Structure formats: structure tokens, C-alpha cells
>>> print(open('target_38.cif').read())   # mmCIF, C-alpha atoms; chains and numbers go by the auth columns
data_start
loop_
_atom_site.group_PDB
_atom_site.id
_atom_site.type_symbol
_atom_site.label_atom_id
_atom_site.label_comp_id
_atom_site.label_asym_id
_atom_site.label_seq_id
_atom_site.Cartn_x
_atom_site.Cartn_y
_atom_site.Cartn_z
_atom_site.B_iso_or_equiv
_atom_site.auth_seq_id
_atom_site.auth_asym_id
ATOM 1 C CA MET A 1 242.020 291.680 179.653 0.00 653 A
ATOM 2 C CA SER A 2 242.915 293.653 182.775 0.00 654 A
ATOM 3 C CA GLN A 3 242.729 292.072 186.184 0.00 655 A
ATOM 4 C CA PRO A 4 240.304 293.360 188.785 0.00 656 A
ATOM 5 C CA THR A 5 241.852 295.938 191.131 0.00 657 A
ATOM 6 C CA GLU A 6 240.446 294.452 194.335 0.00 658 A
ATOM 7 C CA PRO A 7 242.912 291.513 194.627 0.00 659 A
ATOM 8 C CA ARG A 8 245.834 293.900 193.974 0.00 660 A
ATOM 9 C CA ARG A 9 244.601 296.228 196.697 0.00 661 A
ATOM 10 C CA LYS A 10 244.346 293.325 199.137 0.00 662 A
ATOM 11 C CA ILE A 11 247.846 292.134 198.266 0.00 663 A
ATOM 12 C CA THR A 12 249.243 295.658 198.672 0.00 664 A
ATOM 13 C CA LEU A 13 247.409 296.173 201.972 0.00 665 A
ATOM 14 C CA LEU A 14 248.625 292.806 203.251 0.00 666 A
ATOM 15 C CA TRP A 15 252.173 293.729 202.274 0.00 667 A
ATOM 16 C CA VAL A 16 251.912 297.088 204.091 0.00 668 A
ATOM 17 C CA VAL A 17 250.583 295.401 207.244 0.00 669 A
ATOM 18 C CA GLU A 18 253.325 292.751 207.153 0.00 670 A
ATOM 19 C CA SER A 19 255.969 295.407 206.543 0.00 671 A
ATOM 20 C CA LEU A 20 254.794 297.594 209.425 0.00 672 A
ATOM 21 C CA SER A 21 254.658 294.564 211.721 0.00 673 A
ATOM 22 C CA THR A 22 258.199 293.603 210.762 0.00 674 A
ATOM 23 C CA ALA A 23 259.474 297.178 211.215 0.00 675 A
ATOM 24 C CA SER A 24 257.750 297.475 214.615 0.00 676 A
ATOM 25 C CA GLY A 25 259.284 294.246 215.839 0.00 677 A
ATOM 26 C CA ILE A 26 262.739 295.279 214.664 0.00 678 A
ATOM 27 C CA ALA A 27 262.354 298.706 216.290 0.00 679 A
ATOM 28 C CA PHE A 28 261.251 297.128 219.583 0.00 680 A
ATOM 29 C CA LEU A 29 264.245 294.774 219.632 0.00 681 A
ATOM 30 C CA ALA A 30 266.628 297.541 218.578 0.00 682 A
ATOM 31 C CA SER A 31 265.251 299.793 221.310 0.00 683 A
ATOM 32 C CA ALA A 32 265.626 297.164 224.009 0.00 684 A
ATOM 33 C CA ILE A 33 269.183 296.321 222.925 0.00 685 A
ATOM 34 C CA ALA A 34 270.235 299.969 222.509 0.00 686 A
ATOM 35 C CA HIS A 35 268.774 301.045 225.852 0.00 687 A
ATOM 36 C CA ALA A 36 270.192 298.047 227.722 0.00 688 A
ATOM 37 C CA THR A 37 273.632 298.686 226.223 0.00 689 A
ATOM 38 C CA ALA A 38 273.514 302.429 226.936 0.00 690 A
ATOM 39 C CA PHE A 39 272.373 301.930 230.540 0.00 691 A
ATOM 40 C CA HIS A 40 275.046 299.323 231.220 0.00 692 A
ATOM 41 C CA MET A 41 277.911 301.212 229.575 0.00 693 A
ATOM 42 C CA THR A 42 276.949 304.681 230.812 0.00 694 A
ATOM 43 C CA TRP A 43 275.746 304.090 234.365 0.00 695 A
ATOM 44 C CA GLY A 44 276.314 300.389 235.059 0.00 696 A
ATOM 45 C CA LEU A 45 272.553 299.921 235.463 0.00 697 A
ATOM 46 C CA ASN A 46 270.146 297.245 234.262 0.00 698 A
ATOM 47 C CA TYR A 47 267.672 299.009 231.958 0.00 699 A
ATOM 48 C CA PHE A 48 264.943 296.446 232.549 0.00 700 A
ATOM 49 C CA ALA A 49 265.188 296.936 236.329 0.00 701 A
ATOM 50 C CA VAL A 50 264.860 300.746 236.036 0.00 702 A
ATOM 51 C CA ALA A 51 262.458 301.141 233.111 0.00 703 A
ATOM 52 C CA SER A 52 258.780 300.316 233.101 0.00 704 A
ATOM 53 C CA PRO A 53 257.174 298.308 230.283 0.00 705 A
ATOM 54 C CA THR A 54 255.840 301.609 228.909 0.00 706 A
ATOM 55 C CA ASP A 55 259.395 302.959 228.681 0.00 707 A
ATOM 56 C CA VAL A 56 260.523 299.915 226.722 0.00 708 A
ATOM 57 C CA VAL A 57 257.640 300.225 224.251 0.00 709 A
ATOM 58 C CA MET A 58 257.875 304.012 223.878 0.00 710 A
ATOM 59 C CA GLY A 59 261.652 303.791 223.577 0.00 711 A
ATOM 60 C CA ALA A 60 261.142 301.982 220.263 0.00 712 A
ATOM 61 C CA PHE A 61 260.256 305.259 218.531 0.00 713 A
ATOM 62 C CA ASN A 62 263.860 306.502 218.390 0.00 714 A
ATOM 63 C CA PRO A 63 265.205 303.457 216.542 0.00 715 A
ATOM 64 C CA LEU A 64 262.032 303.229 214.435 0.00 716 A
ATOM 65 C CA LEU A 65 262.545 306.787 213.218 0.00 717 A
ATOM 66 C CA LEU A 66 266.214 306.084 212.520 0.00 718 A
ATOM 67 C CA VAL A 67 265.321 302.989 210.494 0.00 719 A
ATOM 68 C CA LEU A 68 262.381 304.666 208.749 0.00 720 A
ATOM 69 C CA GLY A 69 264.589 307.057 206.746 0.00 721 A
ATOM 70 C CA PRO A 70 266.732 304.317 205.189 0.00 722 A
ATOM 71 C CA ALA A 71 263.611 302.162 204.670 0.00 723 A
ATOM 72 C CA VAL A 72 261.924 304.941 202.695 0.00 724 A
ATOM 73 C CA ALA A 73 265.127 305.409 200.677 0.00 725 A
ATOM 74 C CA ILE A 74 265.186 301.672 199.915 0.00 726 A
ATOM 75 C CA MET A 75 261.533 301.759 198.833 0.00 727 A
ATOM 76 C CA LEU A 76 262.198 304.741 196.546 0.00 728 A
ATOM 77 C CA ALA A 77 265.190 302.922 195.076 0.00 729 A
ATOM 78 C CA GLY A 78 262.954 299.876 194.501 0.00 730 A
ATOM 79 C CA ALA A 79 260.393 302.067 192.725 0.00 731 A
ATOM 80 C CA ALA A 80 263.165 303.583 190.567 0.00 732 A
ATOM 81 C CA VAL A 81 264.393 300.090 189.633 0.00 733 A
ATOM 82 C CA THR A 82 260.824 299.089 188.758 0.00 734 A
ATOM 83 C CA VAL A 83 260.382 302.162 186.544 0.00 735 A
ATOM 84 C CA ALA A 84 263.711 301.441 184.835 0.00 736 A
ATOM 85 C CA MET A 85 262.687 297.811 184.252 0.00 737 A
ATOM 86 C CA ASN A 86 259.338 298.940 182.810 0.00 738 A
ATOM 87 C CA VAL A 87 261.064 301.351 180.421 0.00 739 A
ATOM 88 C CA ALA A 88 263.563 298.693 179.347 0.00 740 A
ATOM 89 C CA ARG A 89 260.877 296.037 178.767 0.00 741 A
ATOM 90 C CA GLU A 90 257.916 297.981 177.434 0.00 742 A
ATOM 91 C CA GLY A 91 259.146 301.464 176.492 0.00 743 A
ATOM 92 C CA PRO A 92 258.761 304.924 178.041 0.00 744 A
ATOM 93 C CA LYS A 93 254.941 304.945 177.858 0.00 745 A
ATOM 94 C CA ALA A 94 254.791 302.041 180.324 0.00 746 A
ATOM 95 C CA ALA A 95 257.268 303.603 182.768 0.00 747 A
ATOM 96 C CA LEU A 96 254.816 304.069 185.639 0.00 748 A
ATOM 97 C CA GLU A 97 252.452 301.224 184.794 0.00 749 A
ATOM 98 C CA GLY A 98 252.102 298.839 187.729 0.00 750 A
ATOM 99 C CA VAL A 99 254.919 300.495 189.697 0.00 751 A
ATOM 100 C CA VAL A 100 253.276 299.961 193.088 0.00 752 A
ATOM 101 C CA GLU A 101 252.500 296.271 192.543 0.00 753 A
ATOM 102 C CA ARG A 102 255.880 295.467 190.987 0.00 754 A
ATOM 103 C CA THR A 103 257.800 297.409 193.633 0.00 755 A
ATOM 104 C CA VAL A 104 255.928 295.550 196.352 0.00 756 A
ATOM 105 C CA GLY A 105 256.917 292.308 194.605 0.00 757 A
ATOM 106 C CA LEU A 106 260.597 293.220 195.024 0.00 758 A
ATOM 107 C CA PHE A 107 260.218 293.281 198.809 0.00 759 A
ATOM 108 C CA THR A 108 259.024 290.069 200.423 0.00 760 A
ATOM 109 C CA PRO A 109 258.796 290.188 204.230 0.00 761 A
ATOM 110 C CA LEU A 110 262.088 288.268 204.467 0.00 762 A
ATOM 111 C CA ARG A 111 263.850 290.693 202.102 0.00 763 A
ATOM 112 C CA LEU A 112 262.340 293.603 204.023 0.00 764 A
ATOM 113 C CA LEU A 113 263.602 292.137 207.300 0.00 765 A
ATOM 114 C CA VAL A 114 267.121 291.752 205.888 0.00 766 A
ATOM 115 C CA LEU A 115 267.098 295.286 204.443 0.00 767 A
ATOM 116 C CA SER A 116 265.788 296.743 207.709 0.00 768 A
ATOM 117 C CA LEU A 117 268.450 294.973 209.748 0.00 769 A
ATOM 118 C CA ALA A 118 271.135 296.108 207.291 0.00 770 A
ATOM 119 C CA SER A 119 269.862 299.699 207.521 0.00 771 A
ATOM 120 C CA LEU A 120 269.896 299.529 211.308 0.00 772 A
ATOM 121 C CA MET A 121 273.446 298.149 211.283 0.00 773 A
ATOM 122 C CA VAL A 122 274.576 301.027 209.044 0.00 774 A
ATOM 123 C CA VAL A 123 272.977 303.572 211.371 0.00 775 A
ATOM 124 C CA VAL A 124 274.583 301.939 214.409 0.00 776 A
ATOM 125 C CA ALA A 125 278.018 301.593 212.792 0.00 777 A
ATOM 126 C CA PHE A 126 278.329 305.063 211.281 0.00 778 A
ATOM 127 C CA SER A 127 276.503 307.248 213.768 0.00 779 A
ATOM 128 C CA ASP A 128 277.340 308.449 217.241 0.00 780 A
ATOM 129 C CA VAL A 129 273.645 308.281 218.043 0.00 781 A
ATOM 130 C CA PHE A 130 273.866 304.776 219.498 0.00 782 A
ATOM 131 C CA VAL A 131 277.426 304.948 220.830 0.00 783 A
ATOM 132 C CA PRO A 132 277.351 305.262 224.608 0.00 784 A
ATOM 133 C CA ARG A 133 280.528 306.464 226.294 0.00 785 A
ATOM 134 C CA PRO A 134 281.336 305.663 229.914 0.00 786 A
ATOM 135 C CA GLY A 135 279.773 308.355 232.064 0.00 787 A
ATOM 136 C CA ARG A 136 278.088 310.122 229.128 0.00 788 A
ATOM 137 C CA PRO A 137 274.729 308.995 227.767 0.00 789 A
ATOM 138 C CA PRO A 138 274.271 308.753 224.003 0.00 790 A
ATOM 139 C CA SER A 139 272.693 311.779 222.344 0.00 791 A
ATOM 140 C CA TRP A 140 269.316 310.084 221.844 0.00 792 A
ATOM 141 C CA LEU A 141 268.852 309.907 225.623 0.00 793 A
ATOM 142 C CA TYR A 142 269.494 313.642 226.133 0.00 794 A
ATOM 143 C CA THR A 143 266.574 315.223 227.987 0.00 795 A
ATOM 144 C CA GLY A 144 267.601 318.873 228.332 0.00 796 A
ATOM 145 C CA LEU A 145 266.062 318.890 231.808 0.00 797 A
ATOM 146 C CA SER A 146 267.165 319.660 235.347 0.00 798 A
ATOM 147 C CA ALA A 147 265.416 318.442 238.450 0.00 799 A
ATOM 148 C CA ASP A 148 265.121 319.307 242.083 0.00 800 A
ATOM 149 C CA ALA A 149 265.166 316.015 243.922 0.00 801 A
ATOM 150 C CA PRO A 150 265.164 315.331 247.635 0.00 802 A
ATOM 151 C CA SER A 151 268.656 316.282 248.896 0.00 803 A
ATOM 152 C CA CYS A 152 269.856 317.175 245.371 0.00 804 A
ATOM 153 C CA ALA A 153 268.837 320.499 243.838 0.00 805 A
ATOM 154 C CA GLY A 154 269.591 321.314 240.195 0.00 806 A
ATOM 155 C CA ALA A 155 270.551 317.777 239.169 0.00 807 A
ATOM 156 C CA SER A 156 270.975 317.064 235.477 0.00 808 A
ATOM 157 C CA VAL A 157 268.364 314.585 234.245 0.00 809 A
ATOM 158 C CA GLN A 158 270.266 311.928 232.307 0.00 810 A
ATOM 159 C CA TRP A 159 267.235 309.792 231.465 0.00 811 A
ATOM 160 C CA LEU A 160 263.536 310.273 232.112 0.00 812 A
ATOM 161 C CA GLY A 161 261.125 307.370 232.117 0.00 813 A
ATOM 162 C CA SER A 162 257.427 307.176 232.883 0.00 814 A
ATOM 163 C CA GLN A 163 258.014 306.239 236.550 0.00 815 A
ATOM 164 C CA SER A 164 261.675 306.914 237.302 0.00 816 A
ATOM 165 C CA ALA A 165 264.574 309.125 236.304 0.00 817 A
ATOM 166 C CA ILE A 166 268.351 308.916 236.350 0.00 818 A
ATOM 167 C CA LEU A 167 269.992 312.017 237.784 0.00 819 A
ATOM 168 C CA ASP A 168 273.562 313.246 237.878 0.00 820 A
ATOM 169 C CA CYS A 169 273.759 314.657 241.364 0.00 821 A
ATOM 170 C CA GLY A 170 277.209 316.213 241.619 0.00 822 A
ATOM 171 C CA GLY A 171 278.893 313.297 239.837 0.00 823 A
ATOM 172 C CA GLU A 172 276.832 310.669 241.657 0.00 824 A
ATOM 173 C CA VAL A 173 274.303 308.685 239.603 0.00 825 A
ATOM 174 C CA ARG A 174 270.940 308.412 241.316 0.00 826 A
ATOM 175 C CA VAL A 175 267.703 306.698 240.327 0.00 827 A
ATOM 176 C CA GLU A 176 264.726 308.651 241.651 0.00 828 A
ATOM 177 C CA ARG A 177 260.961 308.300 241.415 0.00 829 A
ATOM 178 C CA ARG A 178 259.703 310.696 238.761 0.00 830 A
ATOM 179 C CA ASP A 179 256.772 311.908 240.850 0.00 831 A
ATOM 180 C CA ALA A 180 259.192 313.137 243.564 0.00 832 A
ATOM 181 C CA LEU A 181 260.971 315.488 241.131 0.00 833 A
ATOM 182 C CA LYS A 182 260.389 319.097 240.171 0.00 834 A
ATOM 183 C CA LEU A 183 261.453 319.208 236.514 0.00 835 A
ATOM 184 C CA ARG A 184 262.522 322.277 234.565 0.00 836 A
ATOM 185 C CA VAL A 185 264.373 323.062 231.362 0.00 837 A
ATOM 186 C CA ALA A 186 268.135 322.999 231.911 0.00 838 A
ATOM 187 C CA ARG A 187 270.100 326.168 231.395 0.00 839 A
ATOM 188 C CA ALA A 188 272.632 326.021 228.594 0.00 840 A
#
>>> encode(input="target_38.cif", output="C-alpha cells")
Amino acid sequence: MSQPTEPRRKITLLWVVESLSTASGIAFLASAIAHATAFHMTWGLNYFAVASPTDVVMGAFNPLLLVLGPAVAIMLAGAAVTVAMNVAREGPKAALEGVVERTVGLFTPLRLLVLSLASLMVVVAFSDVFVPRPGRPPSWLYTGLSADAPSCAGASVQWLGSQSAILDCGGEVRVERRDALKLRVARA
């Protein structure tokens, strides 16, 4: 006798909510650590003194997107393993039977946390995205903007937050209020 679909749907929905909560928390922590490291190594600044709470929260999107790709790849690999297990146990006709529920069973929140952290470590270790160099911000902070600030016209915008900006004003690093700037697209 088949089981009712409602409890499976609730379990799957609960798993999705737990997974998204875990991924959001990891992305927030990764963002805070990455930004703090980049600000310290690039400009010698304290990120939390310059950024607003909105900047910290919105900054989580970059690491979340970088972790999302490997997470989707891991989920697809889990589904492929589930299909292979179904074929081995019950034959080719049962290949896709219960794939969603069984794949979800492979990933408990703790396993998902470990896999997400491992994916993030791989991205950090093998990508120049998170590698700040002294005097040069990492590529994920690139704004492509110039600004006219008081006593500094045509400054390169190194970082742009919701309330402040970091400018390169002739080799001098300056933190300016965003509302005092005239922003424009930088010329290549």
C-alpha cells in the first residue's frame, strides 16, 4: 500500500527550509569574514566600522552565489547516486521512483552544512575571487565606478556601500559619505 503524499511533502518542505536557513547562515558568515579580511588586507580598514548593517547583509549574496553552484552540483550528484541505487536494487523501471525523497534523505542538515563548508573552502582555495592583495581589492569588490568627491575629482571607487564609499584619490585611500559623491561609470 502506498503512503500518503502529504507527509512526504511536509518532510521535503521542511528539508528545503532547513537547507536554505543553513545556506543563508553560512553565506552571512562567509561574507562577514571575506569582507573583513579584504578590507584589512587591502586598505587596513575595519569593515564593521565602515559598513552599515545593510552592507553586511547584502554582502552575503556574493558568497551565497559562489556556494550555490557547488551546492546544486552536489544535489545533482546525490540524485544521480539515488537513481543508480534504485536501478541496482529494483531494476531500470524503478530508476526515478522516489528520487526526490531518497535524495533528500542523503542530505541531513549536518551533512549539508559540512558539504557547504567544504564547497566554500574549495572556492576560497582555488579561486582568486576571495584573495585580496595589498593595495588591490579582490575582484568581487570591483565597482567599475568613478566619483567626484569634495577635493578629489575622478577618484576610483574601490568599494561602495549603502552609506559610505572607499575611494582611491591619487593613491590615497579615503572613506567618504556616499551621498556627497557624484558617481559615474569609470572609463576603461
>>> atom_distance(input="target_38.cif", atom1="CA of Ser768 in chain A", atom2="CA of Trp667 in chain A")
15.0 Å
>>> resolve_selection(input="target_38.cif", expression="the PyMOL selection byres ((chain A and resi 821-830) around 9)", output="number ranges by chain")
A: 695, 702, 801-802, 804-810, 812-820, 831-835
>>> write_last_selection(input="target_38.cif", atoms="C-alpha atoms", output="short mmCIF file (atom, residue, chain, number, x, y, z; two decimals), in the frame of the given file")
data_model
loop_
_atom_site.label_atom_id
_atom_site.label_comp_id
_atom_site.auth_asym_id
_atom_site.auth_seq_id
_atom_site.Cartn_x
_atom_site.Cartn_y
_atom_site.Cartn_z
CA TRP A 695 275.75 304.09 234.36
CA VAL A 702 264.86 300.75 236.04
CA ALA A 801 265.17 316.02 243.92
CA PRO A 802 265.16 315.33 247.64
CA CYS A 804 269.86 317.18 245.37
CA ALA A 805 268.84 320.50 243.84
CA GLY A 806 269.59 321.31 240.20
CA ALA A 807 270.55 317.78 239.17
CA SER A 808 270.98 317.06 235.48
CA VAL A 809 268.36 314.58 234.24
CA GLN A 810 270.27 311.93 232.31
CA LEU A 812 263.54 310.27 232.11
CA GLY A 813 261.12 307.37 232.12
CA SER A 814 257.43 307.18 232.88
CA GLN A 815 258.01 306.24 236.55
CA SER A 816 261.68 306.91 237.30
CA ALA A 817 264.57 309.12 236.30
CA ILE A 818 268.35 308.92 236.35
CA LEU A 819 269.99 312.02 237.78
CA ASP A 820 273.56 313.25 237.88
CA ASP A 831 256.77 311.91 240.85
CA ALA A 832 259.19 313.14 243.56
CA LEU A 833 260.97 315.49 241.13
CA LYS A 834 260.39 319.10 240.17
CA LEU A 835 261.45 319.21 236.51
#
>>> atom_distance(input="target_38.cif", atom1="CA of Met727 in chain A", atom2="CA of Leu764 in chain A")
9.7 Å
>>> residues_around(input="target_38.cif", residues="range 836-840 of chain A", least_positions_apart="2", cutoff="6 Å", atoms="only C-alpha atoms", output="PyMOL selection string")
chain A and resi 796-798
>>> atom_distance(input="target_38.cif", atom1="CA of Ala746 in chain A", atom2="CA of Arg763 in chain A")
26.2 Å
>>> resolve_selection(input="target_38.cif", expression="the PyMOL selection byres ((chain A and resi 731-738) around 7)", output="MDAnalysis selection string")
chainID A and resid 727:730 739:743 746:748 751 754:755
>>> closest_residue(input="target_38.cif", among="A:Met693, A:Ala799, A:Ala684, A:Glu749", to="Val708 in chain A", atoms="only C-alpha atoms")
A:Ala684
>>> closest_residue(input="target_38.cif", among="A:Pro705, A:Pro790, A:Gly677, A:Gly750", to="Thr689 in chain A", atoms="all atoms listed in the file")
A:Pro790
>>> closest_residue(input="target_38.cif", among="A:Ala701, A:Leu666, A:Leu672, A:Leu793", to="Ala686 in chain A", atoms="only C-alpha atoms")
A:Leu793
>>> closest_residue(input="target_38.cif", among="A:Val669, A:Leu765, A:Ala712, A:Leu697", to="Ser683 in chain A", atoms="all atoms listed in the file")
A:Ala712
>>> build_atoms(input="target_38.cif", residues="range 725-750 of chain A", atoms="N, CA, C and O atoms", output="PDB file, in the frame of the given file")
ATOM      1  N   ALA A 725     264.151 305.303 201.767  1.00  0.00           N
ATOM      2  CA  ALA A 725     265.127 305.409 200.677  1.00  0.00           C
ATOM      3  C   ALA A 725     265.207 304.102 199.892  1.00  0.00           C
ATOM      4  O   ALA A 725     265.270 304.109 198.652  1.00  0.00           O
ATOM      5  N   ILE A 726     265.156 302.973 200.583  1.00  0.00           N
ATOM      6  CA  ILE A 726     265.186 301.672 199.915  1.00  0.00           C
ATOM      7  C   ILE A 726     263.935 301.479 199.063  1.00  0.00           C
ATOM      8  O   ILE A 726     264.004 300.991 197.930  1.00  0.00           O
ATOM      9  N   MET A 727     262.771 301.881 199.604  1.00  0.00           N
ATOM     10  CA  MET A 727     261.533 301.759 198.833  1.00  0.00           C
ATOM     11  C   MET A 727     261.567 302.640 197.580  1.00  0.00           C
ATOM     12  O   MET A 727     261.135 302.219 196.505  1.00  0.00           O
ATOM     13  N   LEU A 728     262.090 303.864 197.708  1.00  0.00           N
ATOM     14  CA  LEU A 728     262.198 304.741 196.546  1.00  0.00           C
ATOM     15  C   LEU A 728     263.164 304.170 195.515  1.00  0.00           C
ATOM     16  O   LEU A 728     262.921 304.261 194.306  1.00  0.00           O
ATOM     17  N   ALA A 729     264.249 303.569 196.001  1.00  0.00           N
ATOM     18  CA  ALA A 729     265.190 302.922 195.076  1.00  0.00           C
ATOM     19  C   ALA A 729     264.508 301.751 194.373  1.00  0.00           C
ATOM     20  O   ALA A 729     264.702 301.546 193.168  1.00  0.00           O
ATOM     21  N   GLY A 730     263.696 300.983 195.113  1.00  0.00           N
ATOM     22  CA  GLY A 730     262.954 299.876 194.501  1.00  0.00           C
ATOM     23  C   GLY A 730     261.990 300.374 193.443  1.00  0.00           C
ATOM     24  O   GLY A 730     261.847 299.768 192.368  1.00  0.00           O
ATOM     25  N   ALA A 731     261.308 301.489 193.715  1.00  0.00           N
ATOM     26  CA  ALA A 731     260.393 302.067 192.725  1.00  0.00           C
ATOM     27  C   ALA A 731     261.169 302.541 191.494  1.00  0.00           C
ATOM     28  O   ALA A 731     260.715 302.351 190.355  1.00  0.00           O
ATOM     29  N   ALA A 732     262.342 303.129 191.701  1.00  0.00           N
ATOM     30  CA  ALA A 732     263.165 303.583 190.567  1.00  0.00           C
ATOM     31  C   ALA A 732     263.620 302.400 189.722  1.00  0.00           C
ATOM     32  O   ALA A 732     263.609 302.457 188.479  1.00  0.00           O
ATOM     33  N   VAL A 733     263.997 301.302 190.368  1.00  0.00           N
ATOM     34  CA  VAL A 733     264.393 300.090 189.633  1.00  0.00           C
ATOM     35  C   VAL A 733     263.208 299.554 188.838  1.00  0.00           C
ATOM     36  O   VAL A 733     263.351 299.153 187.675  1.00  0.00           O
ATOM     37  N   THR A 734     262.024 299.563 189.445  1.00  0.00           N
ATOM     38  CA  THR A 734     260.824 299.089 188.758  1.00  0.00           C
ATOM     39  C   THR A 734     260.519 299.951 187.535  1.00  0.00           C
ATOM     40  O   THR A 734     260.203 299.426 186.460  1.00  0.00           O
ATOM     41  N   VAL A 735     260.611 301.266 187.680  1.00  0.00           N
ATOM     42  CA  VAL A 735     260.382 302.162 186.544  1.00  0.00           C
ATOM     43  C   VAL A 735     261.406 301.882 185.447  1.00  0.00           C
ATOM     44  O   VAL A 735     261.056 301.787 184.258  1.00  0.00           O
ATOM     45  N   ALA A 736     262.665 301.729 185.825  1.00  0.00           N
ATOM     46  CA  ALA A 736     263.711 301.441 184.835  1.00  0.00           C
ATOM     47  C   ALA A 736     263.449 300.107 184.127  1.00  0.00           C
ATOM     48  O   ALA A 736     263.634 299.998 182.908  1.00  0.00           O
ATOM     49  N   MET A 737     263.000 299.105 184.855  1.00  0.00           N
ATOM     50  CA  MET A 737     262.687 297.811 184.252  1.00  0.00           C
ATOM     51  C   MET A 737     261.506 297.938 183.300  1.00  0.00           C
ATOM     52  O   MET A 737     261.496 297.341 182.223  1.00  0.00           O
ATOM     53  N   ASN A 738     260.497 298.716 183.687  1.00  0.00           N
ATOM     54  CA  ASN A 738     259.338 298.940 182.810  1.00  0.00           C
ATOM     55  C   ASN A 738     259.764 299.620 181.518  1.00  0.00           C
ATOM     56  O   ASN A 738     259.301 299.240 180.431  1.00  0.00           O
ATOM     57  N   VAL A 739     260.601 300.630 181.613  1.00  0.00           N
ATOM     58  CA  VAL A 739     261.064 301.351 180.421  1.00  0.00           C
ATOM     59  C   VAL A 739     261.869 300.416 179.521  1.00  0.00           C
ATOM     60  O   VAL A 739     261.689 300.405 178.303  1.00  0.00           O
ATOM     61  N   ALA A 740     262.731 299.608 180.139  1.00  0.00           N
ATOM     62  CA  ALA A 740     263.563 298.693 179.347  1.00  0.00           C
ATOM     63  C   ALA A 740     262.721 297.623 178.649  1.00  0.00           C
ATOM     64  O   ALA A 740     263.006 297.252 177.508  1.00  0.00           O
ATOM     65  N   ARG A 741     261.692 297.110 179.332  1.00  0.00           N
ATOM     66  CA  ARG A 741     260.877 296.037 178.767  1.00  0.00           C
ATOM     67  C   ARG A 741     259.816 296.531 177.786  1.00  0.00           C
ATOM     68  O   ARG A 741     259.610 295.928 176.742  1.00  0.00           O
ATOM     69  N   GLU A 742     259.110 297.600 178.183  1.00  0.00           N
ATOM     70  CA  GLU A 742     257.916 297.981 177.434  1.00  0.00           C
ATOM     71  C   GLU A 742     257.948 299.389 176.863  1.00  0.00           C
ATOM     72  O   GLU A 742     256.975 299.832 176.277  1.00  0.00           O
ATOM     73  N   GLY A 743     259.033 300.120 177.049  1.00  0.00           N
ATOM     74  CA  GLY A 743     259.146 301.464 176.492  1.00  0.00           C
ATOM     75  C   GLY A 743     258.730 302.540 177.473  1.00  0.00           C
ATOM     76  O   GLY A 743     258.151 302.260 178.522  1.00  0.00           O
ATOM     77  N   PRO A 744     259.021 303.807 177.131  1.00  0.00           N
ATOM     78  CA  PRO A 744     258.761 304.924 178.041  1.00  0.00           C
ATOM     79  C   PRO A 744     257.295 305.110 178.418  1.00  0.00           C
ATOM     80  O   PRO A 744     257.009 305.579 179.517  1.00  0.00           O
ATOM     81  N   LYS A 745     256.357 304.757 177.542  1.00  0.00           N
ATOM     82  CA  LYS A 745     254.941 304.945 177.858  1.00  0.00           C
ATOM     83  C   LYS A 745     254.502 304.081 179.042  1.00  0.00           C
ATOM     84  O   LYS A 745     253.565 304.419 179.760  1.00  0.00           O
ATOM     85  N   ALA A 746     255.159 302.962 179.248  1.00  0.00           N
ATOM     86  CA  ALA A 746     254.791 302.041 180.324  1.00  0.00           C
ATOM     87  C   ALA A 746     255.640 302.256 181.582  1.00  0.00           C
ATOM     88  O   ALA A 746     255.648 301.424 182.465  1.00  0.00           O
ATOM     89  N   ALA A 747     256.336 303.374 181.666  1.00  0.00           N
ATOM     90  CA  ALA A 747     257.268 303.603 182.768  1.00  0.00           C
ATOM     91  C   ALA A 747     256.614 303.475 184.142  1.00  0.00           C
ATOM     92  O   ALA A 747     257.163 302.833 185.033  1.00  0.00           O
ATOM     93  N   LEU A 748     255.451 304.075 184.320  1.00  0.00           N
ATOM     94  CA  LEU A 748     254.816 304.069 185.639  1.00  0.00           C
ATOM     95  C   LEU A 748     253.695 303.049 185.773  1.00  0.00           C
ATOM     96  O   LEU A 748     253.026 302.990 186.799  1.00  0.00           O
ATOM     97  N   GLU A 749     253.513 302.219 184.775  1.00  0.00           N
ATOM     98  CA  GLU A 749     252.452 301.224 184.794  1.00  0.00           C
ATOM     99  C   GLU A 749     252.778 300.110 185.797  1.00  0.00           C
ATOM    100  O   GLU A 749     253.805 299.453 185.704  1.00  0.00           O
ATOM    101  N   GLY A 750     251.927 299.915 186.749  1.00  0.00           N
ATOM    102  CA  GLY A 750     252.102 298.839 187.729  1.00  0.00           C
ATOM    103  C   GLY A 750     253.277 299.019 188.660  1.00  0.00           C
ATOM    104  O   GLY A 750     253.761 298.045 189.231  1.00  0.00           O
TER     105      GLY A 750
END
